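Source file: data-v4.csv. Holds: CSV, C-alpha atoms and all ligand atoms.
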chain,number,residue,atom,x,y,z
I,269,MET,CA,152.3,-73.0,235.4
I,270,SER,CA,153.1,-74.8,232.1
I,271,VAL,CA,151.4,-78.1,231.7
I,272,THR,CA,152.8,-81.0,229.7
I,273,PRO,CA,150.3,-81.9,226.9
I,274,PRO,CA,149.2,-85.5,226.7
I,275,PRO,CA,151.1,-87.8,224.4
I,276,THR,CA,149.9,-88.1,220.9
I,277,TYR,CA,147.2,-90.6,221.6
I,278,SER,CA,145.0,-87.5,222.0
I,279,PRO,CA,144.9,-85.7,218.7
I,280,GLY,CA,146.9,-82.5,218.8
I,281,PRO,CA,146.0,-79.3,217.1
I,282,LEU,CA,145.7,-79.8,213.3
I,283,ASP,CA,148.3,-78.3,211.1
I,284,GLY,CA,148.7,-77.8,207.3
I,285,ALA,CA,149.4,-81.5,206.7
I,286,ALA,CA,146.0,-82.3,208.0
I,287,ALA,CA,144.1,-79.9,205.8
I,288,ASP,CA,142.1,-82.6,204.1
I,289,LEU,CA,141.0,-83.9,207.5
I,290,LYS,CA,139.9,-80.5,208.8
I,291,GLN,CA,136.6,-81.0,207.2
I,292,ALA,CA,136.1,-84.3,209.0
I,293,LEU,CA,137.5,-83.3,212.4
I,294,THR,CA,136.9,-80.7,214.9
I,295,GLN,CA,138.6,-80.0,218.2
I,296,ALA,CA,136.2,-80.2,221.1
I,297,THR,CA,135.3,-76.5,221.3
I,298,ALA,CA,131.9,-76.7,222.7
I,299,PRO,CA,130.5,-78.6,225.6
I,300,ILE,CA,128.3,-81.5,224.6
I,301,ALA,CA,124.9,-81.7,226.3
I,302,ALA,CA,124.9,-81.7,230.1
I,303,LYS,CA,123.3,-85.2,230.0
I,304,HIS,CA,126.8,-86.7,229.4
I,305,LEU,CA,127.7,-86.8,233.1
I,306,ASN,CA,130.0,-89.0,235.0
I,307,VAL,CA,127.1,-90.5,236.8
I,308,GLU,CA,126.5,-94.2,237.3
I,309,ASN,CA,123.9,-95.5,234.9
I,310,PRO,CA,121.5,-97.6,236.9
I,311,VAL,CA,122.1,-100.6,234.8
I,312,PRO,CA,122.7,-104.2,235.7
I,313,VAL,CA,126.1,-105.8,235.0
I,314,ASN,CA,127.0,-106.4,231.4
I,315,VAL,CA,126.9,-110.2,231.3
I,316,PHE,CA,126.7,-111.9,227.9
I,317,ASN,CA,125.6,-115.5,227.5
I,318,TYR,CA,128.4,-117.7,228.6
I,319,THR,CA,128.2,-120.5,226.1
I,320,GLY,CA,131.6,-121.4,224.8
I,321,ALA,CA,134.6,-123.2,226.2
I,322,VAL,CA,137.1,-120.6,227.4
I,323,PHE,CA,140.2,-122.4,226.2
I,324,ASP,CA,140.5,-124.4,223.1
I,325,ASN,CA,143.9,-125.5,221.8
I,326,ASP,CA,142.7,-125.7,218.2
I,327,GLU,CA,144.1,-123.2,215.8
I,328,GLU,CA,140.7,-122.6,214.3
I,329,TYR,CA,138.6,-121.0,217.0
I,330,GLU,CA,135.3,-122.6,217.5
I,331,TYR,CA,133.6,-119.3,217.2
I,332,ALA,CA,134.6,-119.1,213.6
I,333,GLU,CA,131.4,-121.0,213.0
I,334,PHE,CA,129.1,-118.3,214.2
I,335,LEU,CA,131.2,-115.6,212.8
I,336,GLY,CA,131.2,-117.3,209.4
I,337,GLY,CA,134.8,-116.6,208.5
I,338,THR,CA,138.2,-117.7,209.8
I,339,ALA,CA,139.3,-116.9,213.3
I,340,VAL,CA,142.8,-117.7,214.5
I,341,HIS,CA,144.3,-117.6,218.0
I,342,GLN,CA,147.4,-115.4,218.3
I,343,THR,CA,149.0,-116.3,221.6
I,344,PRO,CA,147.9,-118.5,224.6
I,345,ALA,CA,147.1,-115.4,226.6
I,346,LEU,CA,145.2,-113.3,224.2
I,347,GLY,CA,144.3,-112.3,220.7
I,348,VAL,CA,142.2,-113.6,217.8
I,349,GLU,CA,142.4,-112.5,214.2
I,350,VAL,CA,139.3,-112.8,212.1
I,351,ARG,CA,139.1,-112.7,208.3
I,352,GLY,CA,136.1,-112.9,206.0
I,353,VAL,CA,133.5,-111.5,208.3
I,354,LYS,CA,131.7,-108.2,208.0
I,355,LEU,CA,131.0,-106.8,211.4
I,356,GLN,CA,127.9,-105.0,210.3
I,357,GLN,CA,126.3,-108.3,209.2
I,358,LEU,CA,126.5,-110.0,212.6
I,359,SER,CA,123.1,-110.6,214.2
I,360,LYS,CA,122.4,-109.4,217.7
I,361,ALA,CA,123.0,-112.9,219.1
I,362,ALA,CA,126.3,-113.1,217.2
I,363,LEU,CA,127.3,-109.7,218.7
I,364,ASP,CA,126.6,-111.0,222.2
I,365,ASP,CA,128.8,-114.1,221.5
I,366,LEU,CA,131.4,-111.8,220.1
I,367,ALA,CA,131.4,-109.7,223.3
I,368,LEU,CA,132.0,-112.9,225.2
I,369,LEU,CA,134.9,-113.9,222.8
I,370,VAL,CA,136.5,-110.5,223.3
I,371,ALA,CA,136.1,-110.9,227.1
I,372,GLU,CA,137.8,-114.3,226.9
I,373,ARG,CA,140.5,-113.5,224.5
I,374,GLY,CA,141.1,-109.8,225.4
I,375,VAL,CA,141.3,-108.5,221.8
I,376,VAL,CA,139.9,-109.6,218.5
I,377,VAL,CA,141.0,-108.0,215.2
I,378,PHE,CA,138.6,-108.0,212.2
I,379,ARG,CA,140.6,-107.4,209.1
I,380,LYS,CA,139.4,-105.4,206.1
I,381,GLN,CA,136.2,-103.9,207.3
I,382,THR,CA,136.3,-101.7,204.2
I,383,ASP,CA,132.6,-100.9,203.9
I,384,LEU,CA,131.8,-100.5,207.6
I,385,THR,CA,130.3,-97.1,208.1
I,386,ILE,CA,130.9,-95.1,211.3
I,387,GLU,CA,127.2,-95.4,212.0
I,388,GLU,CA,127.5,-99.2,211.8
I,389,GLN,CA,130.5,-99.1,214.1
I,390,LEU,CA,128.5,-97.0,216.5
I,391,ALA,CA,125.6,-99.5,216.3
I,392,VAL,CA,127.8,-102.4,217.3
I,393,GLY,CA,129.1,-100.4,220.2
I,394,ALA,CA,125.6,-99.3,221.2
I,395,HIS,CA,124.5,-102.9,221.2
I,396,TRP,CA,127.1,-103.5,224.0
I,397,GLY,CA,126.4,-100.2,225.8
I,398,PRO,CA,124.2,-99.6,228.8
I,399,ARG,CA,121.1,-98.8,226.8
I,400,TYR,CA,121.0,-102.2,225.3
I,401,ILE,CA,121.4,-103.8,228.7
I,402,ALA,CA,118.6,-101.7,230.3
I,403,ASP,CA,115.5,-100.7,228.4
I,404,HIS,CA,117.2,-98.4,225.9
I,405,SER,CA,116.0,-95.4,227.8
I,406,VAL,CA,118.9,-94.7,230.3
I,407,GLY,CA,122.2,-93.1,229.7
I,408,ASP,CA,124.3,-92.7,226.5
I,409,PRO,CA,124.5,-95.6,224.0
I,410,VAL,CA,128.3,-95.3,224.3
I,411,HIS,CA,130.9,-93.1,226.1
I,412,VAL,CA,131.4,-89.5,225.2
I,413,HIS,CA,135.1,-88.6,225.9
I,414,ALA,CA,135.7,-85.9,228.4
I,415,THR,CA,138.3,-84.0,226.4
I,416,THR,CA,139.2,-85.3,222.9
I,417,GLY,CA,138.0,-84.1,219.6
I,418,VAL,CA,135.0,-85.6,217.8
I,419,PRO,CA,134.2,-85.7,214.0
I,420,ARG,CA,132.7,-82.5,212.7
I,421,ARG,CA,129.7,-84.2,211.2
I,422,GLU,CA,126.5,-83.9,213.3
I,423,GLY,CA,125.5,-86.8,215.3
I,424,LEU,CA,129.0,-88.3,215.8
I,425,GLU,CA,129.7,-86.8,219.2
I,426,HIS,CA,130.1,-90.4,220.6
I,427,VAL,CA,133.1,-91.0,218.3
I,428,HIS,CA,136.6,-90.6,219.8
I,429,VAL,CA,139.2,-89.6,217.3
I,430,VAL,CA,142.8,-90.8,217.3
I,431,TYR,CA,144.9,-88.7,215.0
I,432,ALA,CA,148.6,-87.9,214.6
I,433,ASP,CA,150.6,-86.4,211.7
I,434,LYS,CA,153.8,-84.4,211.3
I,435,GLY,CA,152.4,-81.8,213.7
I,436,ALA,CA,152.3,-84.3,216.5
I,437,ARG,CA,155.9,-85.1,217.2
I,438,PRO,CA,156.1,-87.7,220.1
I,439,ASP,CA,157.6,-86.2,223.2
I,440,PRO,CA,159.8,-88.9,224.9
I,441,THR,CA,160.3,-86.5,227.9
I,442,ALA,CA,156.6,-86.6,228.7
I,443,PHE,CA,156.0,-90.4,229.3
I,444,ALA,CA,158.1,-93.5,229.8
I,445,LYS,CA,157.0,-96.4,227.6
I,446,ILE,CA,155.6,-98.3,230.6
I,447,GLU,CA,153.4,-95.4,231.4
I,448,LEU,CA,151.8,-95.5,228.0
I,449,PHE,CA,150.0,-98.8,228.8
I,450,HIS,CA,146.5,-98.0,229.9
I,451,SER,CA,142.9,-99.0,229.9
I,452,ASP,CA,140.6,-96.3,228.6
I,453,VAL,CA,139.1,-93.6,230.8
I,454,THR,CA,139.2,-95.8,234.0
I,455,TYR,CA,138.4,-92.8,236.1
I,456,GLU,CA,134.7,-93.3,235.1
I,457,LEU,CA,132.4,-94.9,237.5
I,458,GLN,CA,131.6,-97.4,234.8
I,459,PRO,CA,134.7,-97.7,232.6
I,460,PRO,CA,134.4,-99.2,229.1
I,461,GLY,CA,134.1,-102.9,228.2
I,462,PRO,CA,134.5,-104.1,224.5
I,463,THR,CA,135.8,-101.1,222.6
I,464,LEU,CA,136.1,-100.8,218.8
I,465,LEU,CA,139.0,-98.9,217.1
I,466,ARG,CA,138.9,-98.7,213.3
I,467,ASN,CA,142.0,-97.6,211.5
I,468,LEU,CA,141.4,-95.2,208.6
I,469,VAL,CA,144.9,-94.1,207.7
I,470,THR,CA,147.8,-96.2,208.6
I,471,PRO,CA,151.5,-95.3,208.2
I,472,ASP,CA,153.6,-97.3,205.7
I,473,LEU,CA,155.6,-98.7,208.6
I,474,GLY,CA,155.0,-98.6,212.4
I,475,GLY,CA,152.0,-97.4,214.4
I,476,ASP,CA,151.3,-100.9,215.9
I,477,THR,CA,149.3,-101.3,219.1
I,478,LEU,CA,150.4,-103.5,222.0
I,479,PHE,CA,147.8,-105.3,224.1
I,480,SER,CA,148.6,-106.9,227.4
I,481,SER,CA,146.4,-109.2,229.5
I,482,GLY,CA,145.5,-108.2,233.1
I,483,ALA,CA,144.3,-111.8,233.6
I,484,ALA,CA,147.7,-113.2,232.7
I,485,VAL,CA,149.3,-110.6,235.0
I,486,PHE,CA,147.1,-111.8,237.9
I,487,SER,CA,147.8,-115.4,237.2
I,488,SER,CA,151.5,-114.9,237.3
I,489,PHE,CA,151.5,-114.0,241.0
I,490,SER,CA,151.9,-116.2,244.1
I,491,PRO,CA,148.6,-117.0,246.0
I,492,PRO,CA,149.5,-114.8,249.0
I,493,TYR,CA,150.3,-111.8,246.7
I,494,GLN,CA,147.1,-112.5,244.8
I,495,ARG,CA,145.1,-112.4,248.0
I,496,TYR,CA,146.8,-109.2,249.0
I,497,LEU,CA,146.0,-107.5,245.7
I,498,GLU,CA,142.4,-108.8,245.9
I,499,SER,CA,142.0,-106.9,249.2
I,500,LEU,CA,143.0,-103.5,247.7
I,501,SER,CA,141.3,-100.6,245.8
I,502,ALA,CA,142.9,-97.7,244.0
I,503,VAL,CA,142.0,-94.2,243.1
I,504,HIS,CA,141.7,-93.5,239.3
I,505,SER,CA,141.8,-89.9,238.3
I,506,GLY,CA,140.7,-87.8,235.3
I,507,HIS,CA,142.5,-84.7,236.6
I,508,GLU,CA,145.8,-85.1,234.7
I,509,GLN,CA,144.0,-85.8,231.4
I,510,ALA,CA,141.8,-82.7,231.9
I,511,ARG,CA,144.9,-80.6,232.8
I,512,GLY,CA,146.8,-82.0,229.7
I,513,ALA,CA,143.8,-81.1,227.5
I,514,ARG,CA,143.6,-77.6,228.9
I,515,GLY,CA,147.3,-77.2,228.5
I,516,ALA,CA,147.0,-78.1,224.8
I,517,GLY,CA,144.2,-75.5,224.4
I,518,GLN,CA,141.5,-78.1,224.1
I,519,HIS,CA,138.0,-77.9,225.7
I,520,VAL,CA,137.2,-80.0,228.7
I,521,ARG,CA,133.6,-81.2,228.5
I,522,ARG,CA,133.2,-82.5,232.0
I,523,GLU,CA,135.0,-81.5,235.2
I,524,PRO,CA,137.4,-84.4,236.1
I,525,ILE,CA,136.5,-86.9,238.8
I,526,GLU,CA,138.3,-89.5,240.9
I,527,THR,CA,136.9,-92.9,241.3
I,528,VAL,CA,137.9,-95.9,243.5
I,529,HIS,CA,138.0,-99.3,241.8
I,530,PRO,CA,139.2,-102.7,243.0
I,531,ILE,CA,142.8,-103.5,242.0
I,532,VAL,CA,141.6,-107.0,241.0
I,533,ARG,CA,138.3,-107.0,239.1
I,534,VAL,CA,136.3,-110.0,237.9
I,535,CYS,CA,134.9,-110.0,234.4
I,536,PRO,CA,131.2,-110.9,234.9
I,537,SER,CA,131.1,-112.6,231.5
I,538,THR,CA,133.8,-115.1,232.2
I,539,GLY,CA,134.3,-115.0,236.0
I,540,ILE,CA,138.0,-114.5,235.5
I,541,LYS,CA,140.1,-112.2,237.7
I,542,SER,CA,142.3,-109.4,236.2
I,543,VAL,CA,144.6,-106.8,237.5
I,544,PHE,CA,142.9,-103.5,236.8
I,545,VAL,CA,145.4,-100.7,237.2
I,546,ASN,CA,147.2,-98.5,234.6
I,547,ALA,CA,149.7,-95.7,234.8
I,548,GLY,CA,147.6,-93.4,232.8
I,549,PHE,CA,144.8,-93.0,235.4
I,550,THR,CA,145.6,-95.0,238.6
I,551,ARG,CA,147.1,-92.7,241.2
I,552,ARG,CA,147.3,-94.5,244.5
I,553,ILE,CA,146.3,-97.5,246.5
I,554,VAL,CA,143.7,-96.7,249.2
I,555,GLY,CA,144.7,-97.1,252.8
I,556,VAL,CA,148.3,-98.0,252.5
I,557,PRO,CA,151.5,-95.9,253.0
I,558,LYS,CA,152.6,-93.9,249.9
I,559,ALA,CA,155.8,-95.8,249.6
I,560,GLU,CA,154.0,-99.1,249.5
I,561,SER,CA,151.4,-97.8,247.1
I,562,ASP,CA,154.1,-96.4,244.7
I,563,HIS,CA,156.0,-99.6,244.9
I,564,VAL,CA,153.1,-101.9,244.2
I,565,LEU,CA,151.7,-99.8,241.4
I,566,SER,CA,154.9,-99.4,239.6
I,567,PHE,CA,155.5,-103.2,239.9
I,568,LEU,CA,152.1,-103.9,238.4
I,569,HIS,CA,152.5,-101.3,235.6
I,570,GLU,CA,155.8,-102.9,234.8
I,571,GLN,CA,154.3,-106.4,234.6
I,572,PHE,CA,152.0,-105.3,231.8
I,573,ALA,CA,154.9,-103.9,229.8
I,574,VAL,CA,157.7,-106.5,230.3
I,575,ASN,CA,155.9,-109.8,230.0
I,576,HIS,CA,155.9,-110.4,226.2
I,577,ASP,CA,154.0,-113.7,226.7
I,578,PHE,CA,151.1,-111.7,228.2
I,579,ALA,CA,151.0,-109.4,225.1
I,580,TRP,CA,150.0,-109.3,221.4
I,581,ARG,CA,151.3,-106.7,219.1
I,582,VAL,CA,148.7,-105.7,216.4
I,583,LYS,CA,150.1,-104.6,213.1
I,584,TRP,CA,147.4,-102.6,211.4
I,585,GLU,CA,146.3,-102.5,207.9
I,586,LYS,CA,143.9,-99.8,206.7
I,587,ASP,CA,140.2,-100.5,207.6
I,588,ASP,CA,141.1,-103.1,210.3
I,589,VAL,CA,138.9,-102.9,213.4
I,590,ALA,CA,140.4,-104.1,216.7
I,591,ILE,CA,137.9,-104.8,219.5
I,592,TRP,CA,139.5,-105.1,222.9
I,593,ASP,CA,137.9,-105.5,226.3
I,594,ASN,CA,139.1,-102.6,228.5
I,595,ARG,CA,138.1,-104.7,231.5
I,596,VAL,CA,140.7,-107.3,230.9
I,597,VAL,CA,143.6,-105.9,228.8
I,598,ASN,CA,145.7,-102.8,228.9
I,599,HIS,CA,147.0,-101.3,225.6
I,600,SER,CA,149.7,-99.0,224.3
I,601,ALA,CA,150.0,-97.3,220.9
I,602,LEU,CA,153.5,-97.0,219.5
I,603,PHE,CA,154.5,-93.6,218.2
I,604,ASP,CA,157.3,-94.7,215.9
I,605,PHE,CA,155.7,-93.5,212.7
I,606,TRP,CA,156.2,-89.7,213.0
I,607,PRO,CA,156.1,-87.7,210.8
I,608,GLU,CA,153.6,-90.0,208.9
I,609,ARG,CA,149.9,-89.7,209.4
I,610,ARG,CA,147.7,-92.1,211.4
I,611,HIS,CA,144.0,-91.7,211.9
I,612,ALA,CA,141.5,-94.0,213.7
I,613,VAL,CA,138.1,-93.7,215.2
I,614,ARG,CA,137.0,-95.3,218.4
I,615,VAL,CA,133.6,-96.3,219.8
I,616,THR,CA,133.6,-96.9,223.5
I,617,PRO,CA,130.7,-98.7,225.2
I,618,GLN,CA,130.7,-98.4,229.0
I,619,ALA,CA,130.4,-101.6,231.0
I,620,GLU,CA,129.5,-102.4,234.6
I,621,ARG,CA,131.1,-100.8,237.6
I,622,PRO,CA,134.2,-102.9,238.3
I,623,GLU,CA,133.4,-105.7,240.8
I,624,SER,CA,136.0,-106.9,243.3
I,625,VAL,CA,136.5,-110.6,243.9
I,626,ALA,CA,134.5,-110.5,247.2
I,627,GLU,CA,131.6,-108.6,245.5
I,628,TYR,CA,131.5,-110.9,242.5
I,629,GLU,CA,131.6,-114.0,244.7
I,630,ALA,CA,128.8,-112.6,247.0
I,631,ARG,CA,126.6,-111.7,244.1
I,632,THR,CA,127.0,-114.9,242.1
I,633,GLY,CA,127.7,-117.5,244.8
I,634,THR,CA,130.5,-118.8,242.6
I,635,LYS,CA,134.3,-118.5,243.0
I,636,ALA,CA,136.1,-116.1,240.7
I,637,LYS,CA,138.7,-117.9,238.5
I,638,ASP,CA,142.4,-117.6,237.8
I,639,TRP,CA,143.1,-117.5,234.1
I,640,LEU,CA,146.1,-119.9,234.0
I,641,GLU,CA,144.4,-122.3,236.4
I,642,GLU,CA,141.5,-122.6,234.0
I,643,ARG,CA,143.7,-122.9,231.0
I,644,TYR,CA,145.6,-125.8,232.6
I,645,LYS,CA,142.4,-127.4,233.9
I,646,ALA,CA,141.0,-127.6,230.4
I,647,ILE,CA,143.9,-129.8,229.5
I,648,GLY,CA,143.9,-131.8,232.7
I,649,ILE,CA,146.8,-130.2,234.5
I,650,VAL,CA,146.8,-128.7,238.0
I,651,LYS,CA,148.6,-125.3,238.1
I,652,PRO,CA,152.0,-126.3,239.6
I,653,ALA,CA,153.5,-124.6,242.7
I,654,LEU,CA,156.4,-122.5,241.7
I,655,ASP,CA,158.9,-123.8,244.2
I,656,ALA,CA,159.1,-126.4,247.0
I,657,GLY,CA,161.8,-124.5,248.8
I,658,VAL,CA,164.5,-127.2,248.8
I,659,GLY,CA,166.3,-129.4,246.3
I,660,LYS,CA,166.2,-126.7,243.6
I,661,LYS,CA,168.7,-127.5,240.9
I,662,GLU,CA,171.1,-124.9,239.6
I,663,ARG,CA,170.0,-123.6,236.3
I,664,GLY,CA,172.3,-122.6,233.5
I,665,PHE,CA,171.4,-120.3,230.7
I,666,LYS,CA,171.3,-122.6,227.6
I,667,ASP,CA,172.2,-120.1,224.8
I,701,LIG,O1,146.1,-95.5,218.5
I,701,LIG,C1,146.0,-96.6,219.0
I,701,LIG,O2,146.4,-97.7,218.5
I,701,LIG,C2,145.3,-96.8,220.3
I,701,LIG,C3,145.0,-95.5,220.9
I,701,LIG,C4,144.3,-95.6,222.2
I,701,LIG,O3,144.9,-95.8,223.2
I,701,LIG,C5,142.8,-95.7,222.1
I,701,LIG,O4,142.2,-95.5,221.1
I,701,LIG,O5,142.2,-96.1,223.1
I,702,FE,FE,143.4,-96.2,224.7
As structure tokens, the full file:
Amino acid sequence: MSVTPPPTYSPGPLDGAAADLKQALTQATAPIAAKHLNVENPVPVNVFNYTGAVFDNDEEYEYAEFLGGTAVHQTPALGVEVRGVKLQQLSKAALDDLALLVAERGVVVFRKQTDLTIEEQLAVGAHWGPRYIADHSVGDPVHVHATTGVPRREGLEHVHVVYADKGARPDPTAFAKIELFHSDVTYELQPPGPTLLRNLVTPDLGGDTLFSSGAAVFSSFSPPYQRYLESLSAVHSGHEQARGARGAGQHVRREPIETVHPIVRVCPSTGIKSVFVNAGFTRRIVGVPKAESDHVLSFLHEQFAVNHDFAWRVKWEKDDVAIWDNRVVNHSALFDFWPERRHAVRVTPQAERPESVAEYEARTGTKAKDWLEERYKAIGIVKPALDAGVGKKERGFKD
């Protein structure tokens, strides 16, 4: 049976154009130590100090003060761009606050991290990983990918390589654009939280990354539909990724697993509810007819892709680092730069096992929050009902 290789967000085999990178990169040809298992690390949830106001209408974000540079909001739903800060110089307390900022705003881009080393990038990720949360003795500091290549240099097996060049022509017959939105490795029992991607080689034009907020998707639904979604769980599968890797002649380090996660998860740092499904890994809703499952999942996947007001499009410059919270946003790379080269390295700390609304509320004794309700509350507005059912005026399109 022939297997469709994954799209080019997994590095394909290197060809001549990548000769200079062959030194730096290796395909995953050998298993990494057996300790990298898909087991649940016995760690408490990854909750960072909740100190700041979630929503602030000022252009200059109040966190700019602790970051020491400028930080500018991008859209109401998500995104902050930071300039004048060196990530490696942030204190541990500032990193904790930064993780909270990333949870609140979905994605934060640090421009021009020119002298950040890969070890320093790993150290930031490890600070947010399970070892930091527990006693530094349990589990990996950050996630080791089940299939993709790692840098050749010793000691960098926790780095996930994103690489494409003229040998990696995008295949539009493999995936629709909606299907490219995903949250990383959600088949894991404890999928990632704040995740750092540093761009090393950027094409002259193109290669942007789209981020879309699961909190904004959740907020956009009617209360009965929100309650319905809150009652559901879905199966996330690593099988297709492993089959795709095998089909492309790559090594699979761990046998794939399937994991059930709630469809609406609550971020423990902010208490905000997000839709947590993605076409890359979410296969079916548990305990509902297939037709209903397919219908609901495809509707949810579509909402991430079509609502431009829930999204921010990051235009990269060399040495930018984007940090996104895989618990609250989905993302999609754009493959419009072929045959140019693009190269980035990712560090992926695992976070808590996703908590449903019921689990979060039972554990904390507090009600989980709706993102838009909170945003309006901060400016003294009650989230309005969509429709009173009668007396609706005819609306004409103005343009
Ligand atoms: O290449 C990108 O911009 C993002 C790739 C990706 O999905 C990831 O690194 O998780
Ligand atoms: Fe990704």
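Nearest residue to I:Arg643, choosing from I:Arg514, I:Ala345, I:Asn467, I:Ala436 and counting only C-alpha atoms: I:Ala345.
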Find the residues around stretch 448-455 of chain I up to 10 Å (all atoms listed in the file counted), leave out those fewer than 5 positions away in its own chain, and share them as a PDB file with C-alpha atoms, in the frame of the given file.
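Result saved to selection-v3.pdb:
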ATOM      1  CA  PRO I 275     151.100 -87.800 224.400  1.00  0.00           C
ATOM      2  CA  TYR I 277     147.200 -90.600 221.600  1.00  0.00           C
ATOM      3  CA  ASN I 306     130.000 -89.000 235.000  1.00  0.00           C
ATOM      4  CA  HIS I 411     130.900 -93.100 226.100  1.00  0.00           C
ATOM      5  CA  HIS I 413     135.100 -88.600 225.900  1.00  0.00           C
ATOM      6  CA  ALA I 414     135.700 -85.900 228.400  1.00  0.00           C
ATOM      7  CA  PHE I 443     156.000 -90.400 229.300  1.00  0.00           C
ATOM      8  CA  PRO I 460     134.400 -99.200 229.100  1.00  0.00           C
ATOM      9  CA  GLY I 461     134.100-102.900 228.200  1.00  0.00           C
ATOM     10  CA  THR I 463     135.800-101.100 222.600  1.00  0.00           C
ATOM     11  CA  LEU I 478     150.400-103.500 222.000  1.00  0.00           C
ATOM     12  CA  PHE I 479     147.800-105.300 224.100  1.00  0.00           C
ATOM     13  CA  SER I 480     148.600-106.900 227.400  1.00  0.00           C
ATOM     14  CA  VAL I 503     142.000 -94.200 243.100  1.00  0.00           C
ATOM     15  CA  HIS I 504     141.700 -93.500 239.300  1.00  0.00           C
ATOM     16  CA  SER I 505     141.800 -89.900 238.300  1.00  0.00           C
ATOM     17  CA  GLY I 506     140.700 -87.800 235.300  1.00  0.00           C
ATOM     18  CA  HIS I 507     142.500 -84.700 236.600  1.00  0.00           C
ATOM     19  CA  GLN I 509     144.000 -85.800 231.400  1.00  0.00           C
ATOM     20  CA  PRO I 524     137.400 -84.400 236.100  1.00  0.00           C
ATOM     21  CA  ILE I 525     136.500 -86.900 238.800  1.00  0.00           C
ATOM     22  CA  GLU I 526     138.300 -89.500 240.900  1.00  0.00           C
ATOM     23  CA  THR I 527     136.900 -92.900 241.300  1.00  0.00           C
ATOM     24  CA  VAL I 528     137.900 -95.900 243.500  1.00  0.00           C
ATOM     25  CA  HIS I 529     138.000 -99.300 241.800  1.00  0.00           C
ATOM     26  CA  PHE I 544     142.900-103.500 236.800  1.00  0.00           C
ATOM     27  CA  VAL I 545     145.400-100.700 237.200  1.00  0.00           C
ATOM     28  CA  ASN I 546     147.200 -98.500 234.600  1.00  0.00           C
ATOM     29  CA  ALA I 547     149.700 -95.700 234.800  1.00  0.00           C
ATOM     30  CA  GLY I 548     147.600 -93.400 232.800  1.00  0.00           C
ATOM     31  CA  PHE I 549     144.800 -93.000 235.400  1.00  0.00           C
ATOM     32  CA  THR I 550     145.600 -95.000 238.600  1.00  0.00           C
ATOM     33  CA  HIS I 569     152.500-101.300 235.600  1.00  0.00           C
ATOM     34  CA  GLU I 570     155.800-102.900 234.800  1.00  0.00           C
ATOM     35  CA  PHE I 572     152.000-105.300 231.800  1.00  0.00           C
ATOM     36  CA  ALA I 573     154.900-103.900 229.800  1.00  0.00           C
ATOM     37  CA  TRP I 592     139.500-105.100 222.900  1.00  0.00           C
ATOM     38  CA  ASP I 593     137.900-105.500 226.300  1.00  0.00           C
ATOM     39  CA  ASN I 594     139.100-102.600 228.500  1.00  0.00           C
ATOM     40  CA  ARG I 595     138.100-104.700 231.500  1.00  0.00           C
ATOM     41  CA  VAL I 596     140.700-107.300 230.900  1.00  0.00           C
ATOM     42  CA  VAL I 597     143.600-105.900 228.800  1.00  0.00           C
ATOM     43  CA  ASN I 598     145.700-102.800 228.900  1.00  0.00           C
ATOM     44  CA  HIS I 599     147.000-101.300 225.600  1.00  0.00           C
ATOM     45  CA  SER I 600     149.700 -99.000 224.300  1.00  0.00           C
ATOM     46  CA  ALA I 601     150.000 -97.300 220.900  1.00  0.00           C
ATOM     47  CA  LEU I 602     153.500 -97.000 219.500  1.00  0.00           C
ATOM     48  CA  THR I 616     133.600 -96.900 223.500  1.00  0.00           C
ATOM     49  CA  GLN I 618     130.700 -98.400 229.000  1.00  0.00           C
ATOM     50  CA  PRO I 622     134.200-102.900 238.300  1.00  0.00           C
TER      51      PRO I 622
END
Give as a compact mmCIF listing (two decimals) with C-alpha atoms, in the frame of the given file every residue, naming chains and numbers as the document does, that has an atom within 10 Å of (153.7, -95.7, 211.9), counting all atoms listed in the file.
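Here's the written file point.txt:
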# COMPACT_ATOMS: atom_id res chain seq x y z
CA ALA I 432 148.60 -87.90 214.60
CA ASP I 433 150.60 -86.40 211.70
CA VAL I 469 144.90 -94.10 207.70
CA THR I 470 147.80 -96.20 208.60
CA PRO I 471 151.50 -95.30 208.20
CA ASP I 472 153.60 -97.30 205.70
CA LEU I 473 155.60 -98.70 208.60
CA GLY I 474 155.00 -98.60 212.40
CA GLY I 475 152.00 -97.40 214.40
CA ASP I 476 151.30 -100.90 215.90
CA LYS I 583 150.10 -104.60 213.10
CA TRP I 584 147.40 -102.60 211.40
CA ALA I 601 150.00 -97.30 220.90
CA LEU I 602 153.50 -97.00 219.50
CA PHE I 603 154.50 -93.60 218.20
CA ASP I 604 157.30 -94.70 215.90
CA PHE I 605 155.70 -93.50 212.70
CA TRP I 606 156.20 -89.70 213.00
CA PRO I 607 156.10 -87.70 210.80
CA GLU I 608 153.60 -90.00 208.90
CA ARG I 609 149.90 -89.70 209.40
CA ARG I 610 147.70 -92.10 211.40
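Distances from I:Val418, I:Val429, I:Ala653, I:Val370 to ligand FE 702 (chain I) were compared using all atoms listed in the file, and the smallest one belongs to I:Val429.
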Counting only C-alpha atoms, select every polymer residue within 8 Å of (153.1, -115.7, 222.2) as defined in the file's coordinates, and provide the selection as number ranges by chain. I: 342-345, 576-580
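The space separating atom C2 of ligand LIG 701 (chain I) from atom CA of I:Val430 comes to 7.2 Å.
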Suppose you want the space between atom CA of I:Val410 and atom CA of I:Trp396; what is it in Å? 8.3 Å
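Our summary of the geometry notes that atom CA of I:Val615 is positioned 20.8 Å from atom CA of I:Arg351.
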Just the residues within 9 Å of I:Ser499, please, counting all atoms listed in the file, with nothing from its chain fewer than 6 positions along; format it as an NGL selection string. :I and (530-532 or 624-626)
